[in-house]
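Novice: Before I ask anything, let me first share the structure, which is written out below as structure tokens.
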Amino acid sequence: MSTVASRREQYSQATRAALLAAATRRFAEQGFAGTALEDIAADIQATRGAIYHHFANKTALFQAVFEELEHDALEQSAAAAARGKDPWEAAFLALDVFLERCCDPVYGKIVWQEGPIAFGWPQWLAAEEALAYGFIQRLLSDLMETGQLERQPLQTTTRLVFGMLNAAGMTLADAPEPAKPQLKTEYLTMIGRMASALRPQPSPAFE
């Protein structure tokens, strides 16, 4: 009995994974409004009922795709940060990975362009905050704790950085493909210069 249940569970998990992969392709190519559940089901030779077994509606399916992409981006950013020799390098390694992900056509289309359409702006912003805000706050806290940034109000600083990264993400997602590498470099440079202004300054030497 347990073997049958296990096989059923494996089949269910495989179907869900296939639906997410097919939905990711469709949402990236046709957008949220232009994607029909019937087409996603047909892509994996399933029925529309198979979708409803796993997801309540198209918005719920989109949310699952959105969260999968965001969790993957956060994991990549965290892995990059872990390679930093200090919190400053960690933060900018994570930033580089984040900006690179925003240049990706699938991530950019679904997270930055279609997300506000599918969820509505307030819900999309809340979803972004729920997924990314804590990670940004931890990086900033590490920078302040180790003295690599002057101490600032942490919540206010996090909110400002969060908004700045959202602006960068949207700009990179909207940009023509040939322009993305240059824009990414510009954002990385400008954010670095702004952050450097908050680094502790050496005390003036008096004779």
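Residue numbers start at 1 in each chain; chains themselves are named A, B, ... in the order of the structure tokens; ligands are numbered from 1 in the order shown.
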Name all residues at most 6 Å from region 38-48 of chain A (count only C-alpha atoms; drop same-chain ones fewer than 2 positions away) and give them as a list in words.
Specialist: Ala22, Ala23, Ala36, Ala50 and Ile51 of chain A
Novice: Mind dumping the selected residues with all heavy atoms as a compact mmCIF listing (two decimals), in the first residue's frame?
Specialist:
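Final file, out28.txt:
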```txt
# COMPACT_ATOMS: atom_id res chain seq x y z
N ALA A 22 6.27 24.12 -17.94
CA ALA A 22 5.47 24.54 -19.09
C ALA A 22 4.90 25.94 -18.87
O ALA A 22 4.89 26.78 -19.79
CB ALA A 22 4.35 23.55 -19.35
N ALA A 23 4.44 26.21 -17.66
CA ALA A 23 3.88 27.53 -17.35
C ALA A 23 4.95 28.60 -17.43
O ALA A 23 4.69 29.71 -17.90
CB ALA A 23 3.25 27.51 -15.96
N ALA A 36 -3.19 30.67 -21.63
CA ALA A 36 -4.39 29.91 -21.27
C ALA A 36 -3.99 28.63 -20.55
O ALA A 36 -3.01 27.98 -20.94
CB ALA A 36 -5.21 29.58 -22.51
N ALA A 50 -5.88 18.48 -14.32
CA ALA A 50 -4.59 18.21 -13.67
C ALA A 50 -4.01 19.49 -13.09
O ALA A 50 -3.37 19.47 -12.03
CB ALA A 50 -3.62 17.60 -14.68
N ILE A 51 -4.24 20.61 -13.76
CA ILE A 51 -3.77 21.89 -13.23
C ILE A 51 -4.52 22.23 -11.95
O ILE A 51 -3.92 22.61 -10.94
CB ILE A 51 -3.94 23.01 -14.27
CG1 ILE A 51 -3.06 22.73 -15.49
CG2 ILE A 51 -3.61 24.36 -13.65
CD1 ILE A 51 -3.17 23.77 -16.58
```
Novice: Tell me which protein, DNA and RNA residues are within 6 Å of region 73-85 of chain A, counting only C-alpha atoms, leaving out same-chain ones fewer than 3 positions away, and put them as a compact mmCIF listing (two decimals) with N, CA, C and O atoms, in the first residue's frame.
Specialist:
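So the final result, stored in around.txt, reads:
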```txt
# COMPACT_ATOMS: atom_id res chain seq x y z
N GLU A 70 12.12 33.41 -7.97
CA GLU A 70 12.69 34.27 -6.95
C GLU A 70 13.53 33.49 -5.95
O GLU A 70 14.60 33.95 -5.52
N GLU A 89 32.59 42.60 0.21
CA GLU A 89 32.70 41.80 -1.01
C GLU A 89 31.48 40.89 -1.17
O GLU A 89 30.96 40.71 -2.29
N ALA A 90 30.99 40.33 -0.06
CA ALA A 90 29.82 39.46 -0.11
C ALA A 90 28.62 40.20 -0.68
O ALA A 90 27.88 39.68 -1.54
N LEU A 93 29.13 40.79 -4.48
CA LEU A 93 28.99 39.55 -5.23
C LEU A 93 27.52 39.19 -5.38
O LEU A 93 27.07 38.77 -6.46
N ALA A 94 26.76 39.34 -4.29
CA ALA A 94 25.31 39.08 -4.35
C ALA A 94 24.63 40.05 -5.29
O ALA A 94 23.74 39.66 -6.08
N VAL A 97 25.18 39.10 -8.97
CA VAL A 97 24.33 37.97 -9.39
C VAL A 97 22.89 38.43 -9.57
O VAL A 97 22.21 38.06 -10.54
```
Novice: Which residue gives the smallest distance to Gln113 (chain A) among A:Asn166, A:Thr185, A:Asn57, A:Ser12, with only C-alpha atoms counted?
Specialist: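 With only C-alpha atoms as the atom set, the closest residue is A:Asn166.
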Novice: Any chance you could list, as a ChimeraX atom specification, the residues in region 124-162 of chain A that come up helix (DSSP H, G or I) when DSSP is run on the backbone?
Specialist: /A:124-145,154-162
Novice: Of the candidates A:Phe92, A:Phe62, A:Trp112, A:Phe119, which shows the shortest atom-to-atom distance to Ser196 (chain A), using only C-alpha atoms?
Specialist: A:Phe92
Novice: A:Phe135, A:Phe162, A:Ala175, A:Ser141: which is nearest Ile191 (chain A), counting only C-alpha atoms?
Specialist: A:Phe162
Novice: Any idea what's packed within 10 Å of Ala195 (chain A), counting only C-alpha atoms, ignoring anything in its chain fewer than 2 positions away? Could you give it as a list in words?
Specialist: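 Counting only C-alpha atoms, the residues come to Trp88, Gln148, Leu149, Val161, Thr189, Met190, Ile191, Gly192, Arg193, Ala197, Leu198 and Arg199 of chain A.
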Novice: Quick one: of A:Phe55, A:Lys109, A:Asp142, A:Met194, who's nearest to Ala91 (chain A), counting only C-alpha atoms?
Specialist: A:Asp142
Novice: Can you tell me, as a PyMOL selection string, what residues are no more than 12 Å from Val65 (chain A) when counting only C-alpha atoms, ignoring any on the same chain fewer than 5 positions away?
Specialist: chain A and resi 16-28+32+55+58-60+70-72+106-107+109-111+114-115+118
Novice: I need the residues from that last selection saved to file as a PDB file, in the first residue's frame (with N, CA and C atoms), if you can.
Specialist:
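File result-v1.pdb, as written:
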```
ATOM      1  N   ARG A  16       3.404  18.157 -11.230  1.00  0.00           N
ATOM      2  CA  ARG A  16       3.500  19.549 -10.780  1.00  0.00           C
ATOM      3  C   ARG A  16       4.746  20.222 -11.351  1.00  0.00           C
ATOM      4  N   ALA A  17       5.870  19.516 -11.330  1.00  0.00           N
ATOM      5  CA  ALA A  17       7.106  20.073 -11.866  1.00  0.00           C
ATOM      6  C   ALA A  17       6.982  20.346 -13.358  1.00  0.00           C
ATOM      7  N   ALA A  18       6.336  19.432 -14.075  1.00  0.00           N
ATOM      8  CA  ALA A  18       6.148  19.616 -15.518  1.00  0.00           C
ATOM      9  C   ALA A  18       5.227  20.797 -15.798  1.00  0.00           C
ATOM     10  N   LEU A  19       4.194  20.956 -14.989  1.00  0.00           N
ATOM     11  CA  LEU A  19       3.288  22.093 -15.145  1.00  0.00           C
ATOM     12  C   LEU A  19       4.020  23.409 -14.907  1.00  0.00           C
ATOM     13  N   LEU A  20       4.875  23.455 -13.882  1.00  0.00           N
ATOM     14  CA  LEU A  20       5.634  24.675 -13.595  1.00  0.00           C
ATOM     15  C   LEU A  20       6.578  25.009 -14.745  1.00  0.00           C
ATOM     16  N   ALA A  21       7.233  23.993 -15.289  1.00  0.00           N
ATOM     17  CA  ALA A  21       8.154  24.237 -16.401  1.00  0.00           C
ATOM     18  C   ALA A  21       7.404  24.742 -17.627  1.00  0.00           C
ATOM     19  N   ALA A  22       6.266  24.115 -17.935  1.00  0.00           N
ATOM     20  CA  ALA A  22       5.472  24.542 -19.093  1.00  0.00           C
ATOM     21  C   ALA A  22       4.903  25.936 -18.871  1.00  0.00           C
ATOM     22  N   ALA A  23       4.436  26.205 -17.660  1.00  0.00           N
ATOM     23  CA  ALA A  23       3.879  27.526 -17.348  1.00  0.00           C
ATOM     24  C   ALA A  23       4.954  28.601 -17.428  1.00  0.00           C
ATOM     25  N   THR A  24       6.149  28.282 -16.974  1.00  0.00           N
ATOM     26  CA  THR A  24       7.249  29.252 -17.050  1.00  0.00           C
ATOM     27  C   THR A  24       7.504  29.646 -18.501  1.00  0.00           C
ATOM     28  N   ARG A  25       7.546  28.654 -19.384  1.00  0.00           N
ATOM     29  CA  ARG A  25       7.769  28.949 -20.811  1.00  0.00           C
ATOM     30  C   ARG A  25       6.640  29.813 -21.367  1.00  0.00           C
ATOM     31  N   ARG A  26       5.411  29.441 -21.055  1.00  0.00           N
ATOM     32  CA  ARG A  26       4.250  30.171 -21.597  1.00  0.00           C
ATOM     33  C   ARG A  26       4.185  31.600 -21.061  1.00  0.00           C
ATOM     34  N   PHE A  27       4.358  31.770 -19.765  1.00  0.00           N
ATOM     35  CA  PHE A  27       4.286  33.118 -19.187  1.00  0.00           C
ATOM     36  C   PHE A  27       5.409  34.006 -19.728  1.00  0.00           C
ATOM     37  N   ALA A  28       6.584  33.416 -19.938  1.00  0.00           N
ATOM     38  CA  ALA A  28       7.703  34.187 -20.458  1.00  0.00           C
ATOM     39  C   ALA A  28       7.483  34.587 -21.920  1.00  0.00           C
ATOM     40  N   PHE A  32       1.161  36.905 -18.805  1.00  0.00           N
ATOM     41  CA  PHE A  32       0.108  36.330 -17.957  1.00  0.00           C
ATOM     42  C   PHE A  32      -1.238  36.339 -18.669  1.00  0.00           C
ATOM     43  N   PHE A  55      -3.233  23.604  -8.502  1.00  0.00           N
ATOM     44  CA  PHE A  55      -3.322  25.065  -8.380  1.00  0.00           C
ATOM     45  C   PHE A  55      -4.782  25.506  -8.508  1.00  0.00           C
ATOM     46  N   LYS A  58      -5.251  30.318 -12.439  1.00  0.00           N
ATOM     47  CA  LYS A  58      -4.066  30.752 -13.179  1.00  0.00           C
ATOM     48  C   LYS A  58      -3.159  31.632 -12.322  1.00  0.00           C
ATOM     49  N   THR A  59      -3.756  32.474 -11.484  1.00  0.00           N
ATOM     50  CA  THR A  59      -2.948  33.333 -10.626  1.00  0.00           C
ATOM     51  C   THR A  59      -2.115  32.509  -9.655  1.00  0.00           C
ATOM     52  N   ALA A  60      -2.707  31.460  -9.100  1.00  0.00           N
ATOM     53  CA  ALA A  60      -1.967  30.591  -8.173  1.00  0.00           C
ATOM     54  C   ALA A  60      -0.825  29.879  -8.896  1.00  0.00           C
ATOM     55  N   GLU A  70      12.117  33.410  -7.966  1.00  0.00           N
ATOM     56  CA  GLU A  70      12.687  34.274  -6.951  1.00  0.00           C
ATOM     57  C   GLU A  70      13.528  33.488  -5.946  1.00  0.00           C
ATOM     58  N   HIS A  71      13.058  32.323  -5.544  1.00  0.00           N
ATOM     59  CA  HIS A  71      13.846  31.510  -4.614  1.00  0.00           C
ATOM     60  C   HIS A  71      15.169  31.098  -5.257  1.00  0.00           C
ATOM     61  N   ASP A  72      15.131  30.756  -6.533  1.00  0.00           N
ATOM     62  CA  ASP A  72      16.351  30.385  -7.245  1.00  0.00           C
ATOM     63  C   ASP A  72      17.321  31.564  -7.301  1.00  0.00           C
ATOM     64  N   VAL A 106      13.725  35.404 -19.160  1.00  0.00           N
ATOM     65  CA  VAL A 106      12.624  34.703 -18.495  1.00  0.00           C
ATOM     66  C   VAL A 106      12.372  35.321 -17.112  1.00  0.00           C
ATOM     67  N   TYR A 107      13.422  35.460 -16.327  1.00  0.00           N
ATOM     68  CA  TYR A 107      13.285  36.061 -14.998  1.00  0.00           C
ATOM     69  C   TYR A 107      12.757  37.489 -15.110  1.00  0.00           C
ATOM     70  N   LYS A 109      11.066  38.962 -17.522  1.00  0.00           N
ATOM     71  CA  LYS A 109       9.687  39.035 -18.012  1.00  0.00           C
ATOM     72  C   LYS A 109       8.691  38.657 -16.925  1.00  0.00           C
ATOM     73  N   ILE A 110       8.915  37.538 -16.258  1.00  0.00           N
ATOM     74  CA  ILE A 110       7.926  37.028 -15.308  1.00  0.00           C
ATOM     75  C   ILE A 110       7.925  37.829 -14.011  1.00  0.00           C
ATOM     76  N   VAL A 111       9.094  38.078 -13.452  1.00  0.00           N
ATOM     77  CA  VAL A 111       9.162  38.729 -12.135  1.00  0.00           C
ATOM     78  C   VAL A 111       8.874  40.218 -12.225  1.00  0.00           C
ATOM     79  N   GLU A 114       5.597  40.902 -15.753  1.00  0.00           N
ATOM     80  CA  GLU A 114       4.289  40.261 -15.621  1.00  0.00           C
ATOM     81  C   GLU A 114       3.799  40.179 -14.181  1.00  0.00           C
ATOM     82  N   GLY A 115       4.713  40.192 -13.209  1.00  0.00           N
ATOM     83  CA  GLY A 115       4.309  40.100 -11.815  1.00  0.00           C
ATOM     84  C   GLY A 115       3.309  41.165 -11.394  1.00  0.00           C
ATOM     85  N   ALA A 118      -0.085  40.350 -13.023  1.00  0.00           N
ATOM     86  CA  ALA A 118      -0.778  39.168 -12.493  1.00  0.00           C
ATOM     87  C   ALA A 118      -1.318  39.394 -11.087  1.00  0.00           C
TER      88      ALA A 118
END
```
Novice: If we count only C-alpha atoms and set the cut-off at 12 Å, which residues sit around Met164 (chain A), ignoring sequence neighbours fewer than 4 positions away in its own chain? Please answer as an mmCIF file with all heavy atoms, in the first residue's frame.
Specialist:
```cif
data_model
loop_
_atom_site.group_PDB
_atom_site.id
_atom_site.type_symbol
_atom_site.label_atom_id
_atom_site.label_comp_id
_atom_site.auth_asym_id
_atom_site.auth_seq_id
_atom_site.Cartn_x
_atom_site.Cartn_y
_atom_site.Cartn_z
ATOM 1 N N LEU A 95 25.018 41.316 -5.234
ATOM 2 C CA LEU A 95 24.425 42.321 -6.122
ATOM 3 C C LEU A 95 24.693 42.000 -7.582
ATOM 4 O O LEU A 95 23.797 42.112 -8.428
ATOM 5 C CB LEU A 95 24.988 43.701 -5.774
ATOM 6 C CG LEU A 95 24.568 44.854 -6.702
ATOM 7 C CD1 LEU A 95 23.056 45.070 -6.650
ATOM 8 C CD2 LEU A 95 25.310 46.130 -6.321
ATOM 9 N N LEU A 99 21.743 41.436 -10.375
ATOM 10 C CA LEU A 99 21.613 42.230 -11.597
ATOM 11 C C LEU A 99 21.706 41.349 -12.840
ATOM 12 O O LEU A 99 21.000 41.582 -13.830
ATOM 13 C CB LEU A 99 22.688 43.311 -11.633
ATOM 14 C CG LEU A 99 22.586 44.397 -10.551
ATOM 15 C CD1 LEU A 99 23.784 45.334 -10.620
ATOM 16 C CD2 LEU A 99 21.283 45.189 -10.682
ATOM 17 N N ILE A 136 18.288 41.356 2.016
ATOM 18 C CA ILE A 136 18.935 42.668 1.919
ATOM 19 C C ILE A 136 19.274 43.197 3.307
ATOM 20 O O ILE A 136 20.370 43.715 3.553
ATOM 21 C CB ILE A 136 18.022 43.657 1.169
ATOM 22 C CG1 ILE A 136 17.808 43.196 -0.270
ATOM 23 C CG2 ILE A 136 18.610 45.071 1.193
ATOM 24 C CD1 ILE A 136 16.715 43.964 -0.998
ATOM 25 N N THR A 157 17.386 52.219 5.861
ATOM 26 C CA THR A 157 18.414 51.901 4.863
ATOM 27 C C THR A 157 17.978 50.714 4.001
ATOM 28 O O THR A 157 18.141 50.725 2.773
ATOM 29 C CB THR A 157 19.748 51.576 5.553
ATOM 30 O OG1 THR A 157 20.089 52.627 6.455
ATOM 31 C CG2 THR A 157 20.857 51.410 4.530
ATOM 32 N N THR A 158 17.406 49.700 4.641
ATOM 33 C CA THR A 158 16.941 48.533 3.898
ATOM 34 C C THR A 158 15.840 48.912 2.914
ATOM 35 O O THR A 158 15.822 48.469 1.769
ATOM 36 C CB THR A 158 16.420 47.441 4.857
ATOM 37 O OG1 THR A 158 17.439 47.117 5.797
ATOM 38 C CG2 THR A 158 16.026 46.181 4.097
ATOM 39 N N ARG A 159 14.920 49.751 3.376
ATOM 40 C CA ARG A 159 13.819 50.180 2.509
ATOM 41 C C ARG A 159 14.339 50.934 1.288
ATOM 42 O O ARG A 159 13.877 50.715 0.170
ATOM 43 C CB ARG A 159 12.864 51.065 3.313
ATOM 44 C CG ARG A 159 11.672 51.576 2.560
ATOM 45 C CD ARG A 159 10.685 50.513 2.213
ATOM 46 N NE ARG A 159 10.214 49.786 3.384
ATOM 47 C CZ ARG A 159 9.510 48.651 3.310
ATOM 48 N NH1 ARG A 159 9.215 48.132 2.148
ATOM 49 N NH2 ARG A 159 9.122 48.047 4.410
ATOM 50 N N LEU A 160 15.326 51.799 1.491
ATOM 51 C CA LEU A 160 15.894 52.555 0.377
ATOM 52 C C LEU A 160 16.616 51.641 -0.612
ATOM 53 O O LEU A 160 16.457 51.768 -1.830
ATOM 54 C CB LEU A 160 16.857 53.624 0.903
ATOM 55 C CG LEU A 160 16.211 54.841 1.564
ATOM 56 C CD1 LEU A 160 17.268 55.694 2.247
ATOM 57 C CD2 LEU A 160 15.437 55.666 0.548
ATOM 58 N N ALA A 168 16.244 49.034 -10.409
ATOM 59 C CA ALA A 168 17.241 48.419 -11.288
ATOM 60 C C ALA A 168 16.664 47.202 -12.002
ATOM 61 O O ALA A 168 16.872 47.012 -13.214
ATOM 62 C CB ALA A 168 18.475 48.025 -10.476
ATOM 63 N N GLY A 169 15.936 46.373 -11.255
ATOM 64 C CA GLY A 169 15.346 45.181 -11.854
ATOM 65 C C GLY A 169 14.388 45.506 -12.977
ATOM 66 O O GLY A 169 14.425 44.892 -14.056
ATOM 67 N N MET A 170 13.522 46.471 -12.746
ATOM 68 C CA MET A 170 12.556 46.854 -13.771
ATOM 69 C C MET A 170 13.243 47.441 -15.007
ATOM 70 O O MET A 170 12.870 47.144 -16.147
ATOM 71 C CB MET A 170 11.558 47.853 -13.201
ATOM 72 C CG MET A 170 10.584 47.248 -12.233
ATOM 73 S SD MET A 170 9.329 48.436 -11.718
ATOM 74 C CE MET A 170 8.206 47.345 -10.856
ATOM 75 N N THR A 171 14.245 48.277 -14.777
ATOM 76 C CA THR A 171 14.955 48.888 -15.899
ATOM 77 C C THR A 171 15.657 47.836 -16.743
ATOM 78 O O THR A 171 15.595 47.866 -17.982
ATOM 79 C CB THR A 171 15.976 49.914 -15.390
ATOM 80 O OG1 THR A 171 15.293 50.905 -14.622
ATOM 81 C CG2 THR A 171 16.698 50.589 -16.544
ATOM 82 N N TYR A 187 24.611 50.243 -13.237
ATOM 83 C CA TYR A 187 23.950 50.084 -11.936
ATOM 84 C C TYR A 187 24.939 49.582 -10.893
ATOM 85 O O TYR A 187 24.953 50.063 -9.751
ATOM 86 C CB TYR A 187 22.756 49.132 -12.038
ATOM 87 C CG TYR A 187 21.469 49.839 -12.366
ATOM 88 C CD1 TYR A 187 20.902 49.752 -13.630
ATOM 89 C CD2 TYR A 187 20.818 50.613 -11.410
ATOM 90 C CE1 TYR A 187 19.716 50.420 -13.931
ATOM 91 C CE2 TYR A 187 19.638 51.276 -11.696
ATOM 92 C CZ TYR A 187 19.094 51.169 -12.964
ATOM 93 O OH TYR A 187 17.929 51.840 -13.253
ATOM 94 N N LEU A 188 25.756 48.620 -11.248
ATOM 95 C CA LEU A 188 26.726 48.079 -10.300
ATOM 96 C C LEU A 188 27.698 49.174 -9.849
ATOM 97 O O LEU A 188 28.009 49.311 -8.656
ATOM 98 C CB LEU A 188 27.494 46.923 -10.947
ATOM 99 C CG LEU A 188 28.343 46.029 -10.048
ATOM 100 C CD1 LEU A 188 27.477 45.359 -8.985
ATOM 101 C CD2 LEU A 188 29.060 44.983 -10.880
ATOM 102 N N MET A 190 27.229 52.576 -9.997
ATOM 103 C CA MET A 190 26.570 53.657 -9.251
ATOM 104 C C MET A 190 26.176 53.229 -7.845
ATOM 105 O O MET A 190 26.325 53.993 -6.881
ATOM 106 C CB MET A 190 25.346 54.152 -10.017
ATOM 107 C CG MET A 190 25.680 54.919 -11.288
ATOM 108 S SD MET A 190 26.822 56.304 -10.994
ATOM 109 C CE MET A 190 25.886 57.294 -9.835
ATOM 110 N N ILE A 191 25.674 52.005 -7.700
ATOM 111 C CA ILE A 191 25.333 51.520 -6.364
ATOM 112 C C ILE A 191 26.595 51.424 -5.511
ATOM 113 O O ILE A 191 26.586 51.759 -4.322
ATOM 114 C CB ILE A 191 24.595 50.169 -6.445
ATOM 115 C CG1 ILE A 191 23.215 50.361 -7.088
ATOM 116 C CG2 ILE A 191 24.444 49.546 -5.056
ATOM 117 C CD1 ILE A 191 22.487 49.072 -7.410
ATOM 118 N N MET A 194 27.526 54.957 -4.375
ATOM 119 C CA MET A 194 26.643 55.450 -3.314
ATOM 120 C C MET A 194 26.931 54.754 -1.988
ATOM 121 O O MET A 194 26.944 55.382 -0.926
ATOM 122 C CB MET A 194 25.179 55.262 -3.733
ATOM 123 C CG MET A 194 24.733 56.249 -4.801
ATOM 124 S SD MET A 194 22.965 56.165 -5.160
ATOM 125 C CE MET A 194 22.886 54.692 -6.167
ATOM 126 N N ALA A 195 27.171 53.439 -2.057
ATOM 127 C CA ALA A 195 27.485 52.707 -0.831
ATOM 128 C C ALA A 195 28.815 53.173 -0.239
ATOM 129 O O ALA A 195 28.967 53.271 0.987
ATOM 130 C CB ALA A 195 27.530 51.207 -1.115
#
```
